[in-house]
Structure formats: C-alpha cells, structure tokens
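Down below is the structure, laid out as structure tokens.
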Number of protein chains: 2
Amino acid sequence: MNHVRARQRRPTMADVAREAGVALRTVSRYVNGDDTVGPDFAERIRAAIDSLDFKVDERARQLRSGRTGTIGAAVRNISEAHPVLSAIEATARAAGLMVVAMSTEDDERLERDAVRSMSGRRMDGIIIEPIAENHGYLQAEIDSGLPVVAFDRPATGVDVDTVLTDNPGGIAQAFEHLYRRGHRRIAYIGDDERIYTGHVRAMAFRTCAAAAGAPHDGLVHPGPVDQSRIAAALASVRHDPDPVTAVITGNASTTVAAIRALGEDFGAVALVGFDDFPLADLLRPGLTVVAQGDEEIGRTAFELFRSRLEHPDRPIERVVVPTRLIIRGSGEIPLYP
Amino acid sequence: MNHVRARQRRPTMADVAREAGVALRTVSRYVNGDDTVGPDFAERIRAAIDSLDFKVDERARQLRSGRTGTIGAAVRNISEAHPVLSAIEATARAAGLMVVAMSTEDDERLERDAVRSMSGRRMDGIIIEPIAENHGYLQAEIDSGLPVVAFDRPATGVDVDTVLTDNPGGIAQAFEHLYRRGHRRIAYIGDDERIYTGHVRAMAFRTCAAAAGAPHDGLVHPGPVDQSRIAAALASVRHDPDPVTAVITGNASTTVAAIRALGEDFGAVALVGFDDFPLADLLRPGLTVVAQGDEEIGRTAFELFRSRLEHPDRPIERVVVPTRLIIRGSGEIPLYP
C-alpha cells in the first residue's frame, strides 16, 4: 500500500483552486478563515477540499495568518459532563472555530502543562477553569497578545477577563427557600475551602445563617469531596442533639455523595443542591437545586475571548452570571413529616 | 506591564540546565521525552522549568524529535460523560503523555476537521471514535506513520487497530436474563441502524429472539435518539394487543429517554439498558444494565497506540472487550405483578 500511496503528491491550494474553479487568492482567504468569502465560493471550495482530501499545513498557515481557528480549553475534566464546555463548543462552532480541550484534574502541574502545550501549539486563545494558586505564569502569554479568559474561578496574580457564577446569590436562594419553609436548623456540606468556590459558598452560607439569626456552630462542613467524609458530616448534623431538618450541598459531586449516604433516607431531610446535573429530575424525590447559568457562562466566556481578540486593549471585564432555583421535591418535603 | 515584561528574555534550555545544575544535553533529553533520564535529574529539571517558567517551543521540538508527548482524541462529545476517554487519559497520563480532545458530534465534517487539525498540530497519534462512512481520508496519515486507533466502531476503508465492545454478547446477556425470568414478549428500542453500534445491536436482538423462537414482529424499534420517537415506540409495544413485559434499550441516551417516557410507570415493565451511566444505581428501581468494559476499552486503545508507535509494522489488531450484566432491580421486577 505504502509505495502506491507514496506516488500521490499531497494536494495544494492551487489544486483546490483549479478543482473549485476559483482564484487561488480566494482559496487562501477561505482557508485562512476570512468570512467575507461569498457562500457560493465557500461551498465550491469546501467541496473541492473534500474531493481532493486537501489538508492545510497548519504550521505554515499559522505562520502566515497568526490565527488558527482553534481555541484551547483547559478544564477540570474532559471526560465528565461539562455543560459550560458544551456551551463554549456550541458558540465557538457557530462562529466557525474549533475547541481543543485538555483536563487539568484540579492539579496545578497538569494545568501548567496543558497551558504550555496549548500555547506551544498556537491556539487563538485559551479559556481556562483555573486551579493553580498563582497564575503569574500566564502573564507572558497575555503580554504576547494571547487572549485568556477564566471561568468558574478567578485567575490569581493576573488580570484577565473572567466569568463567575453568583455564588453568594445562589447560596442565599437555597437558604431563603428553606428558611421560608420553616427550617431553622440548616447544615451546609461543601467543597474544600482551599478551592475558591468552596470558600465563597461556605462563607456565603455563614453570612446567611448569621443574618437570619440561625445558629450554625457545627453545621458548616467544608472539606474534600469524599464519600466517607460527606457521610460522616451528614451523620453528625442529623444526629446532633438538636438535629438539622435541612441540608444544602455545595456542588454536584457533594450532592451525589450525600444522596448515596442517605440511601433509603433520601427524602427524610430537606435537601437543596448547588449546581444541577443530568438525571437530577429522575431521582425520587426529584432534586431541588440552585442551577448555575452554564449556557450563559460558556457563551460569555467565548464572547469575551472574541472581543479581546478584536480589541486587545479594551478594559478587563468580570461578568457574574445569576443562578436559578429549580424546585423538584427534595427541598420541599414537610418540616415535620 | 507590557514594557517591563518585554525586557525579559524568554528562558532557554541552557538557562534550565544552569538552574538545574545538569548538562544541556540532559535537559534536551528530558524535554524530548527520553524516559531514561534519572528521577533525580528529572526532578531537578522539572523544578528549574517551573522556577524559570521555561516553555518548550513545541514546533521546534516537534521538528527535532518527531514526537510531541501528546495524543489526539476525536470523540463523540467532550462535554458529556465519557468513561472510555477517562480511561484513555488515565493510562496516557501514567505513561507521561497528554491527551488533547475534540468533539465530532457524530458529524462527518466535524470528524474530518478534527483529524485535520490534530494531524496538522503533529500529535504522536490519534485515537478516534469513528463516525464518517469512509475513513479513506486517514490513509495518508497512516502511510506517513501516524498511529491511528479506532474504538467503539470500526473505521471503514482503512485497516487500523480497533477496540470494540462485544455487542452481540451484551445483547445476548440482556435477552437471556429476561428470557430466563419468563419474559416472552420482549421489545428492543435502540439507535439508528445507520450507526454501526445501532445496527449490530438490533441485529443481535433479532438473532436472539429468532433463536429462542420468540416472535418479534413490530417489537424492534431502531431509530434516532429522540424523546418523542422513543416515547412512541414504547407506547406501541406496551399497547400492543399482546403487550410486552420487558424492554431492552440499546444505549444510554435511549435508556434515559425511555425512563422519562415511562414516568410513574418506570418499574411497571422490566427494563435492561445497554451501557451503564452515572447515577443509574440511584434511580428507583435501580437500573439493570449491560455495562461495557469502558476502562478496558480505553486502556487497550492506548496500548495499541503505544505498541504501534514502537512497532510500526506489527500486524493490525482488533480487540473485542466483553460486557457485564449488573443487576439492580429494573430488570428483575416480577413478570406478573
């Protein structure tokens, strides 16, 4: 097979131009992402590219245009459900860009490796869900003109466009929902406070409880997302001399661990989860959640990237996206069954 | 900030060698992924790279070494849960490689774009969940020495290493489980037969039913994974003059759609799903599934990639990974409640 194939010369842009019956310059504009190429020409060029199996030499193209039509996304995990990444992909695709993603696994070294690899591969920009304690390492990229957008958590030590959830507002929605239904002993079980979202959500809970005059000593349990840690926290607040009647969980993994720990008792204590997840509506009772605006967060992150590309000197923006309470049953079980 | 940074020269390998107190040649070997660099030297080089914030010029390095330490994964969807991708990442990471992933959305054009983009960015290899009807376009890559491994579905028109689930075996496990419990009217609702897995699973079901002498006219419903199509298929087999007592669903999305369509009736008809998914155990009843060996599929795909890299001329391999029946309740409800 090899020797047969080897005789075939790799098709060039000139071959594509000939096949499509358009000027070489038009093919070049199309290939370099110039969207002023008319739809009719674009369609003929696309067909010619497919029929010749023409491949752009990305490295040559990158050197010419300085743009690659590709954004790098450094996210917590690419093999778990990630609705924000889904929205980033959908918005990017609608704009004719591709998304290349790498997992950071909430590990600083992996985050740096991912950003290094992406920057070395000349992405048009990087959208990052930051984990590292200090993102000073990004400064050289930013200075070289690479658009960087952070979401979910702020990047520390660098000034970049950022999209965050309204964490305090979301916790207040959960707390007030339970408080209005008569709950006075409410526990919070969440993520490690060394993680930004873990910290701000736990702090927001303390603030809500204090403002409502609800004592919360021993009822705030931040820590690692670990089944046995969460089961123990749940047992401690339920078997308190003055047991809780309601629990707020600080993120989706903690919520799932809490439901597993409750087992047959799921539904015996009111539960509101921060962050929605697939199938939460199929549980019995359905899970009441404070949903993040995943679609809006992803779309905003992409739009900040694009406007940074077009206006490199515009002021840095920080966008906060509101949350939404979704009532499904688990947060509305009667106070005294 | 810009002018201050601009004065800083980008650190070179020589700077790293000086900082780490090792020979330049050792840094070069380390950076080019030579794993014979001793752990002590490797650790000093890593520390120096971090402290200087040294960045490899990937393009220069790729030209030198021909290897990049990165595999491209072209998968159905990077923003949905993907346990095989998770296993590929874990195995690759343990071997010191990074995974860069792109979504194909089961769209031939996106698949070609993703492969083109990866190939242009000089990955060490590509692991692909193929969708295109003809993968002849991959031949030039393969001939140029790029290892390509297919999983979940075979690539057509090219001869590449492939890892598949034992689809007929899995369907037989589901069918026999239900048949042994007395079910004789069993329906199959699955994916579109134009998709490889949709086709082989539907065919396997017909074979099982025929072998058992169970009539299945009007009981096999392949088609798009679409809530209303699946609800209609379910209604038709349940309201048949001779209604079904059990249903097999052909993939996870179909299973979830079927559970939604059943609503309060989930548990009124025996249900076995092909493919497990997160939280299936938290449903009531728990969902009985035929689980694919996701971890083994991902690990095998990576191992085939690596052995191809080391032995470019070894024969093509095709590995079939067995499935496993997980009993949780939905497949074991009594035949006559």
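Just remember, in the structure tokens the first chain shown is A, the second B, etc., residues are 1-based per chain, and ligands are 1-based in the order shown.
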
Residues of chain B that approach chain A to 7 Å or less, counting only C-alpha atoms: could you list each one with the shortest pair of atoms and its distance in Å to one decimal, rows by chain and increasing residue number, as JSON lines?
{"residue": "B:Asn2", "atom": "CA", "partner": "A:Asp143", "partner_atom": "CA", "distance": 5.8}
{"residue": "B:Asp53", "atom": "CA", "partner": "A:Tyr137", "partner_atom": "CA", "distance": 6.5}
{"residue": "B:Lys55", "atom": "CA", "partner": "A:Arg116", "partner_atom": "CA", "distance": 6.5}
{"residue": "B:Asp57", "atom": "CA", "partner": "A:Gly120", "partner_atom": "CA", "distance": 5.8}
{"residue": "B:Glu58", "atom": "CA", "partner": "A:Gly120", "partner_atom": "CA", "distance": 4.9}
{"residue": "B:Arg59", "atom": "CA", "partner": "A:Gly120", "partner_atom": "CA", "distance": 6.9}
{"residue": "B:Ile78", "atom": "CA", "partner": "A:Ile78", "partner_atom": "CA", "distance": 5.6}
{"residue": "B:Ser79", "atom": "CA", "partner": "A:His82", "partner_atom": "CA", "distance": 4.7}
{"residue": "B:Glu80", "atom": "CA", "partner": "A:Ala81", "partner_atom": "CA", "distance": 4.1}
{"residue": "B:Ala81", "atom": "CA", "partner": "A:Glu80", "partner_atom": "CA", "distance": 4.1}
{"residue": "B:His82", "atom": "CA", "partner": "A:Ser79", "partner_atom": "CA", "distance": 4.7}
{"residue": "B:Pro83", "atom": "CA", "partner": "A:Ser79", "partner_atom": "CA", "distance": 6.3}
{"residue": "B:Leu85", "atom": "CA", "partner": "A:Ser79", "partner_atom": "CA", "distance": 5.7}
{"residue": "B:Ser86", "atom": "CA", "partner": "A:Ser79", "partner_atom": "CA", "distance": 5.1}
{"residue": "B:Val99", "atom": "CA", "partner": "A:Met102", "partner_atom": "CA", "distance": 6.5}
{"residue": "B:Val100", "atom": "CA", "partner": "A:Met102", "partner_atom": "CA", "distance": 5.2}
{"residue": "B:Ala101", "atom": "CA", "partner": "A:Ala101", "partner_atom": "CA", "distance": 5.2}
{"residue": "B:Met102", "atom": "CA", "partner": "A:Val100", "partner_atom": "CA", "distance": 5.2}
{"residue": "B:Arg116", "atom": "CA", "partner": "A:Lys55", "partner_atom": "CA", "distance": 6.5}
{"residue": "B:Gly120", "atom": "CA", "partner": "A:Glu58", "partner_atom": "CA", "distance": 4.8}
{"residue": "B:Arg121", "atom": "CA", "partner": "A:Glu58", "partner_atom": "CA", "distance": 6.6}
{"residue": "B:Tyr137", "atom": "CA", "partner": "A:Asp53", "partner_atom": "CA", "distance": 6.5}
{"residue": "B:Asp143", "atom": "CA", "partner": "A:Asn2", "partner_atom": "CA", "distance": 5.9}
{"residue": "B:Leu282", "atom": "CA", "partner": "A:Leu283", "partner_atom": "CA", "distance": 7.0}
{"residue": "B:Leu283", "atom": "CA", "partner": "A:Leu283", "partner_atom": "CA", "distance": 5.7}
{"residue": "B:Arg284", "atom": "CA", "partner": "A:Arg284", "partner_atom": "CA", "distance": 6.9}

Is it possible to see chain B as a short mmCIF file (atom, residue, chain, number, x, y, z; two decimals) with C-alpha atoms, in the first residue's frame, once it has been laid onto chain A by a least-squares fit on every C-alpha atom in order?
data_model
loop_
_atom_site.label_atom_id
_atom_site.label_comp_id
_atom_site.auth_asym_id
_atom_site.auth_seq_id
_atom_site.Cartn_x
_atom_site.Cartn_y
_atom_site.Cartn_z
CA MET B 1 -0.33 0.10 -0.03
CA ASN B 2 2.49 2.36 1.04
CA HIS B 3 4.32 2.53 -2.30
CA VAL B 4 1.09 3.24 -4.21
CA ARG B 5 0.19 6.13 -1.93
CA ALA B 6 3.71 7.48 -1.86
CA ARG B 7 3.46 8.39 -5.53
CA GLN B 8 0.51 10.64 -4.80
CA ARG B 9 1.66 14.17 -4.28
CA ARG B 10 -0.07 15.96 -1.38
CA PRO B 11 -2.67 18.32 -2.88
CA THR B 12 -1.91 22.03 -2.66
CA MET B 13 -4.05 25.15 -2.46
CA ALA B 14 -3.47 25.59 -6.17
CA ASP B 15 -5.08 22.18 -6.78
CA VAL B 16 -8.06 23.22 -4.66
CA ALA B 17 -8.37 26.49 -6.61
CA ARG B 18 -8.33 24.58 -9.91
CA GLU B 19 -10.88 22.01 -8.70
CA ALA B 20 -13.20 24.69 -7.27
CA GLY B 21 -12.76 27.00 -10.25
CA VAL B 22 -11.87 29.98 -8.08
CA ALA B 23 -8.79 32.13 -7.70
CA LEU B 24 -5.93 30.86 -5.54
CA ARG B 25 -6.21 34.04 -3.52
CA THR B 26 -9.83 33.19 -2.66
CA VAL B 27 -8.83 29.71 -1.47
CA SER B 28 -6.11 31.26 0.63
CA ARG B 29 -8.55 33.75 2.14
CA TYR B 30 -11.05 30.92 2.87
CA VAL B 31 -8.41 28.64 4.41
CA ASN B 32 -7.19 31.49 6.60
CA GLY B 33 -10.66 32.00 8.02
CA ASP B 34 -11.56 35.20 6.16
CA ASP B 35 -15.35 35.18 6.50
CA THR B 36 -15.88 37.70 3.72
CA VAL B 37 -15.55 34.84 1.19
CA GLY B 38 -19.03 34.54 -0.34
CA PRO B 39 -21.14 31.50 0.62
CA ASP B 40 -21.19 30.19 -2.96
CA PHE B 41 -17.38 30.31 -3.29
CA ALA B 42 -17.01 28.91 0.22
CA GLU B 43 -19.22 25.95 -0.66
CA ARG B 44 -17.24 25.22 -3.87
CA ILE B 45 -13.96 25.44 -1.97
CA ARG B 46 -15.27 23.16 0.78
CA ALA B 47 -16.34 20.59 -1.81
CA ALA B 48 -12.95 20.77 -3.55
CA ILE B 49 -11.13 20.38 -0.23
CA ASP B 50 -13.18 17.28 0.50
CA SER B 51 -12.85 15.74 -2.93
CA LEU B 52 -9.07 16.25 -3.06
CA ASP B 53 -8.70 15.50 0.64
CA PHE B 54 -6.63 18.66 0.88
CA LYS B 55 -5.00 19.28 4.24
CA VAL B 56 -3.90 22.66 5.43
CA ASP B 57 -0.35 22.64 6.73
CA GLU B 58 -1.37 24.15 10.06
CA ARG B 59 2.11 25.24 10.98
CA ALA B 60 2.67 27.07 7.71
CA ARG B 61 -0.77 28.61 7.92
CA GLN B 62 -0.29 29.72 11.49
CA LEU B 63 2.95 31.45 10.57
CA ARG B 64 1.17 33.26 7.75
CA SER B 65 -2.06 34.33 9.38
CA GLY B 66 -1.34 34.36 13.08
CA ARG B 67 -4.78 32.77 13.60
CA THR B 68 -5.66 29.12 13.68
CA GLY B 69 -9.43 28.90 14.06
CA THR B 70 -8.97 26.92 17.25
CA ILE B 71 -9.44 27.75 20.92
CA GLY B 72 -7.88 25.76 23.72
CA ALA B 73 -10.02 24.91 26.74
CA ALA B 74 -8.21 23.85 29.90
CA VAL B 75 -10.98 22.44 32.08
CA ARG B 76 -11.32 20.35 35.20
CA ASN B 77 -12.24 17.17 33.38
CA ILE B 78 -13.04 16.43 29.74
CA SER B 79 -14.48 12.99 30.41
CA GLU B 80 -17.17 14.11 32.84
CA ALA B 81 -20.34 16.01 31.96
CA HIS B 82 -19.40 19.66 31.51
CA PRO B 83 -22.32 21.88 30.45
CA VAL B 84 -20.19 25.05 30.34
CA LEU B 85 -17.73 23.39 27.94
CA SER B 86 -20.73 22.28 25.91
CA ALA B 87 -21.88 25.91 25.60
CA ILE B 88 -18.35 27.08 24.72
CA GLU B 89 -18.21 24.46 21.96
CA ALA B 90 -21.63 25.34 20.58
CA THR B 91 -20.91 29.09 20.47
CA ALA B 92 -17.44 28.57 19.01
CA ARG B 93 -18.77 26.21 16.35
CA ALA B 94 -21.45 28.71 15.34
CA ALA B 95 -18.61 31.23 14.87
CA GLY B 96 -16.61 28.74 12.77
CA LEU B 97 -14.02 27.91 15.43
CA MET B 98 -13.03 24.56 16.82
CA VAL B 99 -12.41 23.78 20.49
CA VAL B 100 -9.55 21.59 21.64
CA ALA B 101 -9.83 20.55 25.28
CA MET B 102 -7.49 19.21 27.92
CA SER B 103 -8.12 18.09 31.51
CA THR B 104 -6.40 19.73 34.44
CA GLU B 105 -7.92 17.38 37.06
CA ASP B 106 -7.70 20.28 39.53
CA ASP B 107 -3.94 19.70 39.53
CA GLU B 108 -1.63 22.69 39.20
CA ARG B 109 1.05 20.81 37.31
CA LEU B 110 -1.43 19.43 34.79
CA GLU B 111 -2.90 22.91 34.35
CA ARG B 112 0.51 24.37 33.54
CA ASP B 113 1.32 21.48 31.20
CA ALA B 114 -1.99 21.92 29.39
CA VAL B 115 -1.54 25.68 28.99
CA ARG B 116 2.07 25.20 27.83
CA SER B 117 1.02 22.59 25.32
CA MET B 118 -1.80 24.77 23.98
CA SER B 119 0.30 27.87 23.81
CA GLY B 120 3.03 25.93 21.99
CA ARG B 121 0.43 24.73 19.51
CA ARG B 122 -0.62 28.29 18.72
CA MET B 123 -4.26 28.42 19.70
CA ASP B 124 -6.15 31.65 19.01
CA GLY B 125 -6.86 31.90 22.71
CA ILE B 126 -7.27 29.92 25.89
CA ILE B 127 -10.36 29.53 28.03
CA ILE B 128 -9.44 28.22 31.43
CA GLU B 129 -11.17 26.95 34.56
CA PRO B 130 -8.27 27.96 36.80
CA ILE B 131 -6.86 25.82 39.56
CA ALA B 132 -3.27 26.98 40.16
CA GLU B 133 -2.81 29.24 43.19
CA ASN B 134 -0.90 31.71 41.10
CA HIS B 135 -1.42 32.31 37.41
CA GLY B 136 1.54 34.63 37.00
CA TYR B 137 2.86 32.06 34.54
CA LEU B 138 0.12 33.23 32.16
CA GLN B 139 1.43 36.81 32.04
CA ALA B 140 3.95 36.18 29.26
CA GLU B 141 1.21 34.63 27.10
CA ILE B 142 -1.12 37.53 27.78
CA ASP B 143 1.63 40.07 27.02
CA SER B 144 2.30 38.31 23.73
CA GLY B 145 -1.33 39.01 22.80
CA LEU B 146 -2.94 35.65 23.56
CA PRO B 147 -6.53 36.18 24.74
CA VAL B 148 -7.08 34.32 28.03
CA VAL B 149 -10.52 34.04 29.65
CA ALA B 150 -11.12 32.47 33.06
CA PHE B 151 -14.43 30.97 34.17
CA ASP B 152 -15.87 29.43 37.34
CA ARG B 153 -12.93 30.72 39.42
CA PRO B 154 -10.80 33.84 39.06
CA ALA B 155 -7.21 33.52 37.89
CA THR B 156 -4.95 34.96 40.59
CA GLY B 157 -1.95 37.20 39.99
CA VAL B 158 -3.02 38.15 36.46
CA ASP B 159 -5.73 40.44 35.22
CA VAL B 160 -7.90 38.55 32.72
CA ASP B 161 -11.50 38.55 31.53
CA THR B 162 -13.49 36.36 33.90
CA VAL B 163 -16.98 34.81 34.09
CA LEU B 164 -18.22 33.71 37.49
CA THR B 165 -21.41 32.27 38.92
CA ASP B 166 -23.20 34.42 41.47
CA ASN B 167 -22.12 32.12 44.30
CA PRO B 168 -23.36 34.27 47.22
CA GLY B 169 -26.66 34.87 45.43
CA GLY B 170 -27.13 31.15 44.77
CA ILE B 171 -26.42 30.14 48.35
CA ALA B 172 -28.86 32.85 49.52
CA GLN B 173 -31.55 31.41 47.20
CA ALA B 174 -31.09 27.95 48.75
CA PHE B 175 -30.98 29.26 52.31
CA GLU B 176 -34.00 31.55 51.95
CA HIS B 177 -36.04 28.82 50.26
CA LEU B 178 -35.49 26.53 53.26
CA TYR B 179 -35.84 29.30 55.85
CA ARG B 180 -39.17 30.44 54.42
CA ARG B 181 -40.44 26.87 54.68
CA GLY B 182 -39.74 26.97 58.41
CA HIS B 183 -36.33 25.33 58.62
CA ARG B 184 -34.14 26.79 61.37
CA ARG B 185 -31.51 24.04 61.74
CA ILE B 186 -29.84 24.00 58.33
CA ALA B 187 -26.45 22.43 57.58
CA TYR B 188 -24.02 23.19 54.77
CA ILE B 189 -21.75 20.45 53.37
CA GLY B 190 -19.42 21.61 50.62
CA ASP B 191 -16.10 21.51 48.88
CA ASP B 192 -12.67 22.18 50.36
CA GLU B 193 -12.29 25.88 51.32
CA ARG B 194 -8.88 25.97 49.66
CA ILE B 195 -10.84 25.88 46.40
CA TYR B 196 -12.29 29.27 45.47
CA THR B 197 -15.89 28.13 44.98
CA GLY B 198 -15.70 26.01 48.13
CA HIS B 199 -14.58 29.04 50.10
CA VAL B 200 -17.05 31.62 48.78
CA ARG B 201 -20.03 29.28 49.09
CA ALA B 202 -19.20 28.30 52.68
CA MET B 203 -18.66 31.98 53.55
CA ALA B 204 -21.97 32.92 51.91
CA PHE B 205 -23.74 30.25 53.96
CA ARG B 206 -22.24 31.57 57.22
CA THR B 207 -23.33 35.08 56.24
CA CYS B 208 -26.90 33.99 55.49
CA ALA B 209 -27.20 32.01 58.73
CA ALA B 210 -25.80 34.88 60.80
CA ALA B 211 -28.12 37.40 59.12
CA ALA B 212 -31.12 35.16 59.88
CA GLY B 213 -29.99 34.71 63.47
CA ALA B 214 -29.77 30.94 62.89
CA PRO B 215 -26.97 29.38 64.96
CA HIS B 216 -24.68 27.33 62.74
CA ASP B 217 -21.92 26.15 65.04
CA GLY B 218 -20.96 22.64 63.92
CA LEU B 219 -23.29 22.84 60.95
CA VAL B 220 -20.80 24.05 58.28
CA HIS B 221 -18.77 21.19 56.82
CA PRO B 222 -16.42 22.12 54.01
CA GLY B 223 -13.82 19.52 53.00
CA PRO B 224 -12.69 17.14 50.29
CA VAL B 225 -15.33 15.59 48.07
CA ASP B 226 -14.99 12.14 49.51
CA GLN B 227 -17.83 9.69 50.15
CA SER B 228 -16.85 8.81 53.72
CA ARG B 229 -16.08 12.40 54.74
CA ILE B 230 -19.49 13.51 53.46
CA ALA B 231 -21.31 10.56 55.07
CA ALA B 232 -19.66 11.45 58.40
CA ALA B 233 -20.60 15.15 58.09
CA LEU B 234 -24.19 14.18 57.32
CA ALA B 235 -24.34 11.76 60.27
CA SER B 236 -22.96 14.41 62.60
CA VAL B 237 -25.56 17.06 61.72
CA ARG B 238 -28.46 14.57 61.67
CA HIS B 239 -27.57 13.03 65.03
CA ASP B 240 -26.88 16.35 66.70
CA PRO B 241 -28.81 16.76 70.00
CA ASP B 242 -30.74 19.41 68.05
CA PRO B 243 -30.76 17.69 64.64
CA VAL B 244 -30.94 19.58 61.36
CA THR B 245 -34.11 19.43 59.26
CA ALA B 246 -32.43 20.62 56.05
CA VAL B 247 -29.11 20.38 54.24
CA ILE B 248 -27.52 22.47 51.49
CA THR B 249 -24.81 20.71 49.47
CA GLY B 250 -22.17 22.91 47.85
CA ASN B 251 -21.60 21.23 44.49
CA ALA B 252 -22.87 18.37 42.33
CA SER B 253 -20.36 15.73 43.46
CA THR B 254 -21.10 16.51 47.10
CA THR B 255 -24.83 16.31 46.41
CA VAL B 256 -24.51 12.87 44.79
CA ALA B 257 -22.33 11.64 47.65
CA ALA B 258 -24.92 12.93 50.14
CA ILE B 259 -27.76 11.15 48.32
CA ARG B 260 -25.75 7.90 48.34
CA ALA B 261 -25.00 8.35 52.06
CA LEU B 262 -28.69 8.98 52.82
CA GLY B 263 -29.73 5.81 50.98
CA GLU B 264 -33.31 4.93 51.95
CA ASP B 265 -33.37 8.14 54.03
CA PHE B 266 -33.15 10.33 50.91
CA GLY B 267 -36.28 12.45 51.30
CA ALA B 268 -36.26 12.26 55.13
CA VAL B 269 -34.38 15.55 55.42
CA ALA B 270 -34.87 18.52 53.07
CA LEU B 271 -32.02 18.79 50.57
CA VAL B 272 -31.10 21.59 48.15
CA GLY B 273 -28.05 21.06 45.93
CA PHE B 274 -25.89 23.80 44.48
CA ASP B 275 -25.45 23.05 40.76
CA ASP B 276 -27.78 20.95 38.62
CA PHE B 277 -26.75 17.69 36.92
CA PRO B 278 -28.20 15.23 34.40
CA LEU B 279 -30.93 12.94 35.78
CA ALA B 280 -31.41 15.01 38.95
CA ASP B 281 -35.06 15.24 37.86
CA LEU B 282 -35.38 11.43 37.67
CA LEU B 283 -34.46 10.86 41.32
CA ARG B 284 -37.31 10.18 43.80
CA PRO B 285 -37.92 12.75 45.21
CA GLY B 286 -36.69 14.92 42.35
CA LEU B 287 -33.73 17.01 43.43
CA THR B 288 -34.29 20.69 44.17
CA VAL B 289 -31.23 22.63 43.02
CA VAL B 290 -29.75 26.06 42.59
CA ALA B 291 -28.78 25.78 38.92
CA GLN B 292 -25.87 27.71 37.49
CA GLY B 293 -26.35 29.52 34.19
CA ASP B 294 -24.03 27.10 32.39
CA GLU B 295 -25.15 28.08 28.91
CA GLU B 296 -24.73 31.80 29.66
CA ILE B 297 -21.36 31.24 31.33
CA GLY B 298 -19.99 29.34 28.32
CA ARG B 299 -21.40 31.78 25.78
CA THR B 300 -20.06 34.76 27.73
CA ALA B 301 -16.59 33.19 28.02
CA PHE B 302 -16.48 32.75 24.26
CA GLU B 303 -17.72 36.27 23.62
CA LEU B 304 -15.10 37.74 25.94
CA PHE B 305 -12.44 35.76 24.05
CA ARG B 306 -13.68 37.05 20.72
CA SER B 307 -13.98 40.67 21.74
CA ARG B 308 -10.47 40.49 23.26
CA LEU B 309 -9.16 39.18 19.94
CA GLU B 310 -10.76 42.10 18.14
CA HIS B 311 -10.04 44.78 20.74
CA PRO B 312 -6.85 43.72 22.52
CA ASP B 313 -6.77 46.94 24.54
CA ARG B 314 -10.33 47.11 25.84
CA PRO B 315 -10.67 47.12 29.64
CA ILE B 316 -10.72 43.79 31.46
CA GLU B 317 -14.25 42.58 32.15
CA ARG B 318 -15.62 40.46 34.96
CA VAL B 319 -19.13 39.05 34.41
CA VAL B 320 -21.24 37.49 37.16
CA VAL B 321 -24.01 35.17 35.95
CA PRO B 322 -27.11 34.69 38.14
CA THR B 323 -28.32 31.32 39.44
CA ARG B 324 -31.83 29.90 39.38
CA LEU B 325 -33.74 27.83 41.96
CA ILE B 326 -35.37 24.72 40.43
CA ILE B 327 -38.00 23.15 42.68
CA ARG B 328 -38.42 19.38 42.25
CA GLY B 329 -39.33 17.93 45.64
CA SER B 330 -36.25 17.22 47.77
CA GLY B 331 -36.18 20.77 49.14
CA GLU B 332 -39.95 20.85 49.82
CA ILE B 333 -40.52 17.83 52.02
CA PRO B 334 -42.58 18.82 55.08
CA LEU B 335 -40.67 20.16 58.05
CA TYR B 336 -42.42 17.73 60.45
CA PRO B 337 -43.45 14.67 58.43
#

Item to complete: Check the DSSP output for the backbone and give back, as a count of residues only, the residues of region 18-203 of chain B in strand (DSSP E or B).
Response: 30

Practice prompt. Name the residues of region 117-303 of chain A that fall into alpha helix (DSSP H) according to DSSP on the backbone, using the chain letters and numbers of this document, as JSON, numbers by chain.
Written response: {"A": [117, 118, 119, 120, 139, 140, 141, 142, 143, 167, 168, 169, 170, 171, 172, 173, 174, 175, 176, 177, 178, 179, 180, 196, 197, 198, 199, 200, 201, 202, 203, 204, 205, 206, 207, 208, 209, 210, 211, 227, 228, 229, 230, 231, 232, 233, 234, 235, 236, 237, 238, 252, 253, 254, 255, 256, 257, 258, 259, 260, 261, 262, 294, 295, 296, 297, 298, 299, 300, 301, 302, 303]}
